[in-house]
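Text of work21.pdb, listed as PDB, C-alpha atoms:
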```
ATOM      1  CA  SER A 137       0.000   0.000   0.000
ATOM      2  CA  LEU A 138       0.942   3.659  -0.244
ATOM      3  CA  VAL A 139       1.466   3.983   3.518
ATOM      4  CA  GLN A 140       3.728   0.935   3.642
ATOM      5  CA  GLY A 141       5.728   2.256   0.713
ATOM      6  CA  GLY A 142       6.134   5.618   2.421
ATOM      7  CA  LEU A 143       7.278   4.002   5.663
ATOM      8  CA  GLY A 144       9.749   1.842   3.755
ATOM      9  CA  ALA A 145      11.161   4.893   1.971
ATOM     10  CA  LYS A 146      11.479   6.750   5.271
ATOM     11  CA  TRP A 147      13.298   3.803   6.861
ATOM     12  CA  ALA A 148      15.704   3.619   3.886
ATOM     13  CA  TRP A 149      16.284   7.371   4.040
ATOM     14  CA  HIS A 150      17.208   7.261   7.736
ATOM     15  CA  ARG A 151      19.618   4.382   7.121
ATOM     16  CA  TYR A 152      21.365   6.327   4.363
ATOM     17  CA  ASP A 153      21.450   9.445   6.550
ATOM     18  CA  GLU A 154      23.050   7.517   9.403
ATOM     19  CA  LEU A 155      25.623   5.897   7.116
ATOM     20  CA  VAL A 156      26.643   9.235   5.597
ATOM     21  CA  SER A 157      26.949  10.734   9.085
ATOM     22  CA  HIS A 158      29.246   7.852  10.089
ATOM     23  CA  VAL A 159      31.365   8.259   6.955
ATOM     24  CA  HIS A 160      31.779  11.996   7.529
ATOM     25  CA  SER A 161      32.429  11.656  11.253
ATOM     26  CA  SER A 162      35.953  12.444  12.439
ATOM     27  CA  ASP A 163      35.554   9.888  15.236
ATOM     28  CA  PRO A 164      37.025   6.545  14.059
ATOM     29  CA  LYS A 165      34.792   4.768  16.585
ATOM     30  CA  SER A 166      31.679   5.978  14.743
ATOM     31  CA  THR A 167      31.925   3.114  12.252
ATOM     32  CA  GLY A 168      33.062   0.536  14.803
ATOM     33  CA  ASP A 169      35.340  -2.132  13.405
ATOM     34  CA  VAL A 170      33.674  -2.125   9.979
ATOM     35  CA  LYS A 171      35.929  -1.150   7.073
ATOM     36  CA  LEU A 172      34.100   0.351   4.135
ATOM     37  CA  CYS A 173      35.440  -0.426   0.661
ATOM     38  CA  ALA A 174      35.049   1.872  -2.337
ATOM     39  CA  SER A 175      32.038  -0.124  -3.573
ATOM     40  CA  ASP A 176      30.249   0.286  -0.221
ATOM     41  CA  LEU A 177      30.989   4.014  -0.131
ATOM     42  CA  GLY A 178      29.770   4.375  -3.699
ATOM     43  CA  GLY A 179      26.497   2.668  -2.789
ATOM     44  CA  ILE A 180      26.018   4.942   0.208
ATOM     45  CA  TYR A 181      26.681   8.112  -1.773
ATOM     46  CA  TYR A 182      24.495   6.930  -4.634
ATOM     47  CA  GLY A 183      21.455   6.179  -2.468
ATOM     48  CA  TYR A 184      21.868   9.355  -0.442
ATOM     49  CA  GLY A 185      22.308  11.446  -3.582
ATOM     50  CA  VAL A 186      19.284   9.962  -5.344
ATOM     51  CA  PHE A 187      17.029  10.634  -2.356
ATOM     52  CA  ASN A 188      18.150  14.258  -2.064
ATOM     53  CA  LEU A 189      18.060  15.022  -5.778
ATOM     54  CA  LEU A 190      14.704  13.418  -6.576
ATOM     55  CA  LEU A 191      12.968  14.891  -3.544
ATOM     56  CA  SER A 192      14.394  18.348  -4.287
ATOM     57  CA  ILE A 193      12.793  18.573  -7.744
ATOM     58  CA  LEU A 194       9.297  17.837  -6.453
ATOM     59  CA  PRO A 195       6.823  20.747  -6.290
ATOM     60  CA  ARG A 196       7.484  23.075  -3.363
ATOM     61  CA  ARG A 197       4.300  22.125  -1.506
ATOM     62  CA  VAL A 198       5.193  18.448  -1.759
ATOM     63  CA  VAL A 199       8.736  19.168  -0.543
ATOM     64  CA  ARG A 200       7.329  20.896   2.553
ATOM     65  CA  LEU A 201       5.120  17.899   3.263
ATOM     66  CA  VAL A 202       8.041  15.521   2.778
ATOM     67  CA  GLN A 203      10.145  17.569   5.198
ATOM     68  CA  LEU A 204       7.362  17.398   7.788
ATOM     69  CA  LEU A 205       7.521  13.603   7.495
ATOM     70  CA  GLY A 206      11.180  13.637   8.511
ATOM     71  CA  PHE A 207      13.035  13.737   5.197
ATOM     72  CA  LYS A 208      15.887  16.149   4.628
ATOM     73  CA  VAL A 209      15.950  17.703   1.167
ATOM     74  CA  ASP A 210      19.067  19.377  -0.229
ATOM     75  CA  ARG A 211      19.689  19.459  -3.975
ATOM     76  CA  ASP A 212      23.328  20.523  -3.687
ATOM     77  CA  VAL A 213      24.045  17.653  -1.299
ATOM     78  CA  GLY A 214      22.382  15.242  -3.721
ATOM     79  CA  LEU A 215      24.480  16.459  -6.661
ATOM     80  CA  GLU A 216      27.658  16.349  -4.584
ATOM     81  CA  SER A 217      26.946  12.791  -3.387
ATOM     82  CA  LEU A 218      26.307  11.507  -6.913
ATOM     83  CA  ASN A 219      29.522  13.139  -8.110
ATOM     84  CA  LYS A 220      31.413  11.429  -5.282
ATOM     85  CA  CYS A 221      29.936   8.105  -6.375
ATOM     86  CA  ILE A 222      31.227   8.702  -9.915
ATOM     87  CA  GLU A 223      34.677   9.704  -8.630
ATOM     88  CA  LEU A 224      34.932   6.584  -6.467
ATOM     89  CA  ALA A 225      34.009   4.355  -9.391
ATOM     90  CA  ALA A 226      36.550   6.070 -11.654
ATOM     91  CA  SER A 227      39.382   5.848  -9.112
ATOM     92  CA  HIS A 228      38.782   2.180  -8.236
ATOM     93  CA  GLY A 229      38.515   0.482 -11.596
ATOM     94  CA  GLY A 230      34.930   1.258 -12.541
ATOM     95  CA  GLY A 231      31.792  -0.528 -11.422
ATOM     96  CA  LEU A 232      28.074  -0.349 -12.091
ATOM     97  CA  ARG A 233      27.168   2.528  -9.787
ATOM     98  CA  GLY A 234      29.333   5.115 -11.576
ATOM     99  CA  PRO A 235      27.497   4.971 -14.933
ATOM    100  CA  VAL A 236      24.128   4.748 -13.184
ATOM    101  CA  ALA A 237      24.986   7.850 -11.128
ATOM    102  CA  SER A 238      26.021   9.569 -14.376
ATOM    103  CA  LEU A 239      22.629   8.748 -15.901
ATOM    104  CA  MET A 240      20.906  10.149 -12.833
ATOM    105  CA  LEU A 241      22.871  13.400 -13.128
ATOM    106  CA  LEU A 242      22.160  13.581 -16.863
ATOM    107  CA  GLY A 243      18.470  13.191 -16.104
ATOM    108  CA  TYR A 244      18.749  16.328 -13.983
ATOM    109  CA  HIS A 245      21.132  18.392 -16.138
ATOM    110  CA  VAL A 246      19.680  17.441 -19.554
ATOM    111  CA  MET A 247      16.078  16.293 -19.098
ATOM    112  CA  ALA A 248      14.784  18.230 -16.094
ATOM    113  CA  SER A 249      16.669  21.430 -16.948
ATOM    114  CA  ALA A 250      14.803  21.631 -20.277
ATOM    115  CA  PHE A 251      11.577  22.202 -18.315
ATOM    116  CA  PHE A 252      12.444  23.694 -14.921
ATOM    117  CA  THR A 253      15.646  25.723 -15.155
ATOM    118  CA  VAL A 254      15.990  29.469 -15.700
ATOM    119  CA  PRO A 255      17.931  30.652 -18.790
ATOM    120  CA  GLU A 256      20.798  32.012 -16.682
ATOM    121  CA  GLU A 257      21.524  28.533 -15.310
ATOM    122  CA  LEU A 258      21.234  26.660 -18.606
ATOM    123  CA  GLY A 259      24.916  27.133 -19.476
ATOM    124  CA  GLN A 260      25.977  25.502 -16.210
ATOM    125  CA  HIS A 261      23.760  22.479 -16.872
ATOM    126  CA  ILE A 262      25.137  22.107 -20.401
ATOM    127  CA  LYS A 263      28.750  22.385 -19.233
ATOM    128  CA  ARG A 264      28.302  19.756 -16.539
ATOM    129  CA  ALA A 265      26.427  17.389 -18.867
ATOM    130  CA  GLU A 266      29.160  17.700 -21.500
ATOM    131  CA  ALA A 267      31.812  16.745 -18.920
ATOM    132  CA  ILE A 268      29.814  13.689 -17.781
ATOM    133  CA  LEU A 269      29.177  12.457 -21.319
ATOM    134  CA  GLU A 270      32.781  12.987 -22.394
ATOM    135  CA  ALA A 271      33.969  10.816 -19.508
ATOM    136  CA  GLU A 272      31.390   8.087 -20.070
ATOM    137  CA  PHE A 273      31.930   7.887 -23.836
ATOM    138  CA  ARG A 274      35.567   6.979 -23.186
ATOM    139  CA  ASN A 275      34.344   3.762 -21.549
ATOM    140  CA  PHE A 276      31.033   3.231 -23.377
ATOM    141  CA  PRO A 277      31.321   4.742 -26.882
ATOM    142  CA  ASP A 278      28.276   2.850 -28.201
ATOM    143  CA  SER A 279      25.999   3.099 -25.172
ATOM    144  CA  ALA A 280      22.461   3.734 -26.396
ATOM    145  CA  LEU A 281      21.518   5.532 -23.173
ATOM    146  CA  PHE A 282      24.443   7.940 -23.351
ATOM    147  CA  LEU A 283      23.884   8.503 -27.081
ATOM    148  CA  PHE A 284      20.252   9.380 -26.369
ATOM    149  CA  ASN A 285      21.306  11.835 -23.665
ATOM    150  CA  GLN A 286      23.871  13.347 -26.042
ATOM    151  CA  GLY A 287      21.085  13.878 -28.567
ATOM    152  CA  ARG A 288      18.927  15.596 -25.960
ATOM    153  CA  LEU A 289      21.898  17.729 -24.943
ATOM    154  CA  GLU A 290      22.484  18.835 -28.543
ATOM    155  CA  ARG A 291      18.825  19.741 -28.800
ATOM    156  CA  LEU A 292      19.141  21.712 -25.564
ATOM    157  CA  LYS A 293      22.089  23.570 -27.120
ATOM    158  CA  GLY A 294      20.004  24.331 -30.209
ATOM    159  CA  ASP A 295      21.950  22.130 -32.630
ATOM    160  CA  GLY A 296      19.145  20.204 -34.308
ATOM    161  CA  ALA A 297      21.316  18.535 -36.954
ATOM    162  CA  ALA A 298      23.701  17.087 -34.349
ATOM    163  CA  ALA A 299      20.747  15.922 -32.237
ATOM    164  CA  VAL A 300      19.282  14.028 -35.213
ATOM    165  CA  LYS A 301      22.654  12.364 -35.834
ATOM    166  CA  TYR A 302      22.905  11.085 -32.249
ATOM    167  CA  PHE A 303      19.324   9.820 -32.166
ATOM    168  CA  GLN A 304      19.897   7.933 -35.412
ATOM    169  CA  ARG A 305      23.087   6.432 -33.984
ATOM    170  CA  CYS A 306      21.193   5.411 -30.851
ATOM    171  CA  ILE A 307      18.709   3.459 -32.978
ATOM    172  CA  GLU A 308      21.553   1.772 -34.873
ATOM    173  CA  VAL A 309      23.335   0.451 -31.770
ATOM    174  CA  ASN A 310      20.161  -0.474 -29.885
ATOM    175  CA  ALA A 311      19.042  -3.904 -31.024
ATOM    176  CA  ASP A 312      16.641  -4.977 -28.273
ATOM    177  CA  TRP A 313      15.251  -2.039 -26.291
ATOM    178  CA  SER A 314      12.127  -1.119 -28.244
ATOM    179  CA  GLN A 315      10.963   1.590 -25.837
ATOM    180  CA  LEU A 316      14.216   3.515 -26.242
ATOM    181  CA  LYS A 317      13.863   3.197 -30.016
ATOM    182  CA  HIS A 318      10.393   4.695 -29.749
ATOM    183  CA  LEU A 319      11.803   7.642 -27.804
ATOM    184  CA  CYS A 320      14.413   8.156 -30.519
ATOM    185  CA  HIS A 321      11.794   8.022 -33.278
ATOM    186  CA  TYR A 322       9.714  10.536 -31.315
ATOM    187  CA  GLU A 323      12.669  12.921 -31.036
ATOM    188  CA  LEU A 324      13.556  12.349 -34.702
ATOM    189  CA  GLY A 325       9.975  13.056 -35.728
ATOM    190  CA  TRP A 326      10.161  16.479 -34.124
ATOM    191  CA  GLY A 327      13.763  17.108 -35.162
ATOM    192  CA  THR A 328      13.256  16.368 -38.860
ATOM    193  CA  MET A 329       9.996  18.324 -38.815
ATOM    194  CA  ALA A 330      11.863  21.360 -37.468
ATOM    195  CA  GLN A 331      14.299  20.996 -40.390
ATOM    196  CA  GLY A 332      11.432  20.950 -42.880
ATOM    197  CA  LYS A 333      12.066  17.325 -43.880
ATOM    198  CA  TRP A 334       8.413  16.375 -43.987
ATOM    199  CA  GLY A 335       8.835  12.986 -45.638
ATOM    200  CA  ALA A 336      11.472  11.850 -43.128
ATOM    201  CA  SER A 337       9.363  13.103 -40.234
ATOM    202  CA  ARG A 338       6.291  11.275 -41.545
ATOM    203  CA  GLU A 339       8.251   8.013 -41.653
ATOM    204  CA  HIS A 340       9.150   8.319 -37.969
ATOM    205  CA  TRP A 341       5.522   8.947 -36.997
ATOM    206  CA  GLU A 342       4.505   5.936 -39.075
ATOM    207  CA  VAL A 343       6.947   3.744 -37.145
ATOM    208  CA  LEU A 344       5.468   4.963 -33.872
ATOM    209  CA  GLU A 345       1.914   4.451 -35.101
ATOM    210  CA  ARG A 346       2.762   0.868 -35.991
ATOM    211  CA  ASP A 347       4.900  -0.128 -33.005
ATOM    212  CA  SER A 348       4.124   2.148 -30.038
ATOM    213  CA  ARG A 349       1.026   2.027 -27.850
ATOM    214  CA  TRP A 350       1.478   5.373 -26.112
ATOM    215  CA  CYS A 351      -0.920   7.495 -28.189
ATOM    216  CA  PRO A 352      -1.715   6.269 -31.721
ATOM    217  CA  ALA A 353      -4.117   9.179 -32.239
ATOM    218  CA  PHE A 354      -1.306  11.694 -31.745
ATOM    219  CA  TYR A 355       1.002   9.799 -34.110
ATOM    220  CA  VAL A 356      -1.676   9.747 -36.829
ATOM    221  CA  TYR A 357      -2.265  13.467 -36.319
ATOM    222  CA  MET A 358       1.446  14.270 -36.704
ATOM    223  CA  LYS A 359       1.686  11.971 -39.730
ATOM    224  CA  GLY A 360      -1.263  13.780 -41.281
ATOM    225  CA  LEU A 361       0.368  17.174 -40.750
ATOM    226  CA  CYS A 362       3.588  15.988 -42.379
ATOM    227  CA  LEU A 363       1.624  14.460 -45.262
ATOM    228  CA  LEU A 364      -0.172  17.760 -45.839
ATOM    229  CA  ARG A 365       3.071  19.758 -45.965
ATOM    230  CA  GLU A 366       4.818  17.102 -48.048
ATOM    231  CA  THR A 367       2.125  16.690 -50.739
ATOM    232  CA  ASN A 368      -0.131  19.756 -50.327
ATOM    233  CA  ASP A 369      -2.986  17.277 -50.765
ATOM    234  CA  VAL A 370      -5.709  18.264 -48.296
ATOM    235  CA  CYS A 371      -7.922  15.296 -49.179
ATOM    236  CA  LYS A 372      -5.158  12.770 -48.500
ATOM    237  CA  ALA A 373      -4.270  14.402 -45.166
ATOM    238  CA  ALA A 374      -7.958  14.583 -44.181
ATOM    239  CA  ALA A 375      -8.429  10.902 -44.998
ATOM    240  CA  GLU A 376      -5.496  10.045 -42.759
ATOM    241  CA  MET A 377      -6.774  12.178 -39.893
ATOM    242  CA  SER A 378     -10.272  10.707 -40.178
ATOM    243  CA  LYS A 379      -8.879   7.664 -38.310
ATOM    244  CA  ILE A 380      -8.286   9.728 -35.169
ATOM    245  CA  PRO A 381     -11.787   9.675 -33.551
ATOM    246  CA  ASP A 382     -11.796   5.865 -33.554
ATOM    247  CA  LEU A 383      -8.382   5.835 -31.845
ATOM    248  CA  CYS A 384      -9.421   8.143 -28.984
ATOM    249  CA  LYS A 385     -10.907   5.497 -26.705
ATOM    250  CA  ARG A 386      -8.779   5.634 -23.563
ATOM    251  CA  ARG A 387     -10.074   7.252 -20.398
ATOM    252  CA  PHE A 388      -8.392   8.323 -17.179
ATOM    253  CA  SER A 389     -10.722   8.790 -14.198
ATOM    254  CA  GLY A 390     -13.582   8.795 -16.665
ATOM    255  CA  LYS A 391     -12.101  11.592 -18.786
ATOM    256  CA  GLN A 392     -10.377  11.567 -22.142
ATOM    257  CA  ILE A 393      -6.614  11.973 -21.804
ATOM    258  CA  PRO A 394      -5.499  15.546 -22.696
ATOM    259  CA  ILE A 395      -3.393  14.772 -25.785
ATOM    260  CA  GLU A 396      -6.181  12.720 -27.362
ATOM    261  CA  ALA A 397      -8.731  15.415 -26.521
ATOM    262  CA  TYR A 398      -6.467  17.958 -28.232
ATOM    263  CA  VAL A 399      -6.010  16.050 -31.499
ATOM    264  CA  ASN A 400      -9.708  15.109 -31.574
ATOM    265  CA  ARG A 401     -10.623  18.772 -31.228
ATOM    266  CA  LYS A 402      -8.168  19.773 -33.966
ATOM    267  CA  VAL A 403      -9.688  17.201 -36.330
ATOM    268  CA  ALA A 404     -13.188  18.521 -35.560
ATOM    269  CA  ASP A 405     -11.991  22.096 -36.250
ATOM    270  CA  HIS A 406     -10.483  20.937 -39.535
ATOM    271  CA  GLU A 407     -13.776  19.353 -40.570
ATOM    272  CA  LEU A 408     -15.620  22.608 -39.776
ATOM    273  CA  ASP A 409     -13.115  24.629 -41.803
ATOM    274  CA  THR A 410     -12.919  22.407 -44.874
ATOM    275  CA  GLY A 411     -16.087  20.326 -44.808
ATOM    276  CA  ARG A 412     -14.018  17.155 -45.053
TER     277      ARG A 412
END
```
Translate the structure of the given file into structure tokens.
Amino acid sequence: SLVQGGLGAKWAWHRYDELVSHVHSSDPKSTGDVKLCASDLGGIYYGYGVFNLLLSILPRRVVRLVQLLGFKVDRDVGLESLNKCIELAASHGGGLRGPVASLMLLGYHVMASAFFTVPEELGQHIKRAEAILEAEFRNFPDSALFLFNQGRLERLKGDGAAAVKYFQRCIEVNADWSQLKHLCHYELGWGTMAQGKWGASREHWEVLERDSRWCPAFYVYMKGLCLLRETNDVCKAAAEMSKIPDLCKRRFSGKQIPIEAYVNRKVADHELDTGR
């Protein structure tokens, strides 16, 4: 249940908080006779950093509630702990936690910053993300996850052509992870559309319509837009978009999901304007 999950998270948080306090303590007796290896320290810093970072990006009202429940929330401490985890992994022959901590930091610097940061801080996020990716590409040059993040970073920097290149490379090296391929096709659909390559963009939306279950109505709508700009054939685009009402069947709490409501409304407006 939700209450049990919350209690479990609180228990885990207090354990991480105690462990970090012991590690930082100047009293050698604080850790007893236990000797912590680099892997153990990396695990402690990773868990502590994830808690602090994820809780810190919640809405302010939720953060206040979380603090009332006994959680400490400090974004800078979370970032510092994840960086320490990466440094420990790099200085002791690698390990799994270093790359995972890098992905967590990239999620903050590349993904979250695209929505929540102020323009004055964007340069700092880009600089830090570039440093993380440069280090990880030395060890994992064909990692699909890091290639995807590099594509998002290039888009954040405003270099659409470079972003398209990295997303295409991500699809090439990713043989089995279909969901990540769908994300790449989604990004490529927007990226090629921004470049005015309507035929290429339409192909990406067609792939998503065929293989992805997220929102077929939206994919058909985007495909129809690309088809209209590519061929200037209103009848062909209208015939494609006529499929949308039959695809808008999902409900959440009894209501149509927002993206499907939007495309359904746009199709209805198009029918009013053109009579098709």
- Item | Straight-line distance linking CA of Val370 (chain A) with CA of Trp350 (chain A), stated in Å to one decimal |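 Taking CA of Val370 (chain A) as the start and CA of Trp350 (chain A) as the end point, the length is 26.6 Å.
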Show me, as a tab-separated table, the residues of region 260-371 of chain A having an atom within 12 Å of region 220-237 of chain A, each with the closest atom pair and its distance in Å, using only C-alpha atoms.
```
residue	atom	partner	partner_atom	distance
A:Ile268	CA	A:Ile222	CA	9.4
A:Leu269	CA	A:Pro235	CA	10.0
A:Ala271	CA	A:Ala226	CA	9.5
A:Glu272	CA	A:Pro235	CA	7.2
A:Phe273	CA	A:Pro235	CA	10.4
A:Arg274	CA	A:Ala226	CA	11.6
A:Asn275	CA	A:Gly230	CA	9.4
A:Phe276	CA	A:Pro235	CA	9.3
A:Ser279	CA	A:Pro235	CA	10.5
A:Leu281	CA	A:Pro235	CA	10.2
A:Phe282	CA	A:Pro235	CA	9.4
```
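Excluding Leu364 (chain A) itself and any same-chain residue fewer than 6 positions from it, the protein and nucleic acid residues within 9 Å of it, counting only C-alpha atoms, are Trp334, Val370, Cys371, Lys372, Ala373 and Ala374 of chain A.
Comparing A:Leu319, A:Cys306, A:Trp149, A:Tyr244 by their smallest distance to Val209 (chain A), the closest is A:Trp149 (using all atoms listed in the file).
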- Message: Selection in question (the file shown): the PyMOL selection byres ((chain A and resi 253-266) around 10). Which residues does it include, as a PyMOL selection string?
- Response: chain A and resi 238-239+241-246+248-252+267-272+285-286+289-290+292-293
Can you write just those residues out, C-alpha atoms, as an mmCIF file, in the frame of the given file?
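Final output, out_30.cif:
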```
data_model
loop_
_atom_site.group_PDB
_atom_site.id
_atom_site.type_symbol
_atom_site.label_atom_id
_atom_site.label_comp_id
_atom_site.auth_asym_id
_atom_site.auth_seq_id
_atom_site.Cartn_x
_atom_site.Cartn_y
_atom_site.Cartn_z
ATOM 1 C CA SER A 238 26.021 9.569 -14.376
ATOM 2 C CA LEU A 239 22.629 8.748 -15.901
ATOM 3 C CA LEU A 241 22.871 13.400 -13.128
ATOM 4 C CA LEU A 242 22.160 13.581 -16.863
ATOM 5 C CA GLY A 243 18.470 13.191 -16.104
ATOM 6 C CA TYR A 244 18.749 16.328 -13.983
ATOM 7 C CA HIS A 245 21.132 18.392 -16.138
ATOM 8 C CA VAL A 246 19.680 17.441 -19.554
ATOM 9 C CA ALA A 248 14.784 18.230 -16.094
ATOM 10 C CA SER A 249 16.669 21.430 -16.948
ATOM 11 C CA ALA A 250 14.803 21.631 -20.277
ATOM 12 C CA PHE A 251 11.577 22.202 -18.315
ATOM 13 C CA PHE A 252 12.444 23.694 -14.921
ATOM 14 C CA ALA A 267 31.812 16.745 -18.920
ATOM 15 C CA ILE A 268 29.814 13.689 -17.781
ATOM 16 C CA LEU A 269 29.177 12.457 -21.319
ATOM 17 C CA GLU A 270 32.781 12.987 -22.394
ATOM 18 C CA ALA A 271 33.969 10.816 -19.508
ATOM 19 C CA GLU A 272 31.390 8.087 -20.070
ATOM 20 C CA ASN A 285 21.306 11.835 -23.665
ATOM 21 C CA GLN A 286 23.871 13.347 -26.042
ATOM 22 C CA LEU A 289 21.898 17.729 -24.943
ATOM 23 C CA GLU A 290 22.484 18.835 -28.543
ATOM 24 C CA LEU A 292 19.141 21.712 -25.564
ATOM 25 C CA LYS A 293 22.089 23.570 -27.120
#
```
- Note on the structure: Using all atoms listed in the file, the shortest atom-to-atom distance to Ala297 (chain A) among A:Glu376, A:Asp405, A:Glu323, A:Glu342 belongs to A:Glu323
Quick one: axis-aligned box around all listed atoms of region 232-239 of chain A, 5 Å on every side, centre and edge lengths in Å to one decimal, written as JSON.
```
{"center_x": 26.0, "center_y": 4.6, "center_z": -12.8, "size_x": 16.7, "size_y": 19.9, "size_z": 16.1}
```
- Item | Output of the PyMOL selection byres ((chain A and resi 340) around 8), listed as a list of chain:residue names | A:His321, A:Tyr322, A:Leu324, A:Gly325, A:Ala336, A:Ser337, A:Arg338, A:Glu339, A:Trp341, A:Glu342, A:Val343, A:Leu344
- What residues come out when you apply the PyMOL selection byres ((chain A and resi 394-401) around 9) to this file, written as a PyMOL selection string? chain A and resi 351-354+357+380-381+383-386+391-393+402-406
- Just give me the gap between CA of Asp295 (chain A) and CA of Trp326 (chain A) in Å, one decimal is fine. 13.2 Å
- Interatomic distance (Å, one decimal) between CA of Leu361 (chain A) and CA of Ser348 (chain A): 18.8 Å
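Each of A:Leu218, A:Ala330, A:Ala311, A:Leu316 was checked against Ala299 (chain A) using only C-alpha atoms; the smallest atom-to-atom distance is that of A:Ala330.
Restricting the calculation to all atoms listed in the file, the smallest distance between Arg346 (chain A) and any of A:His318, A:Phe284, A:Asp210, A:Ser378 is found for A:His318.
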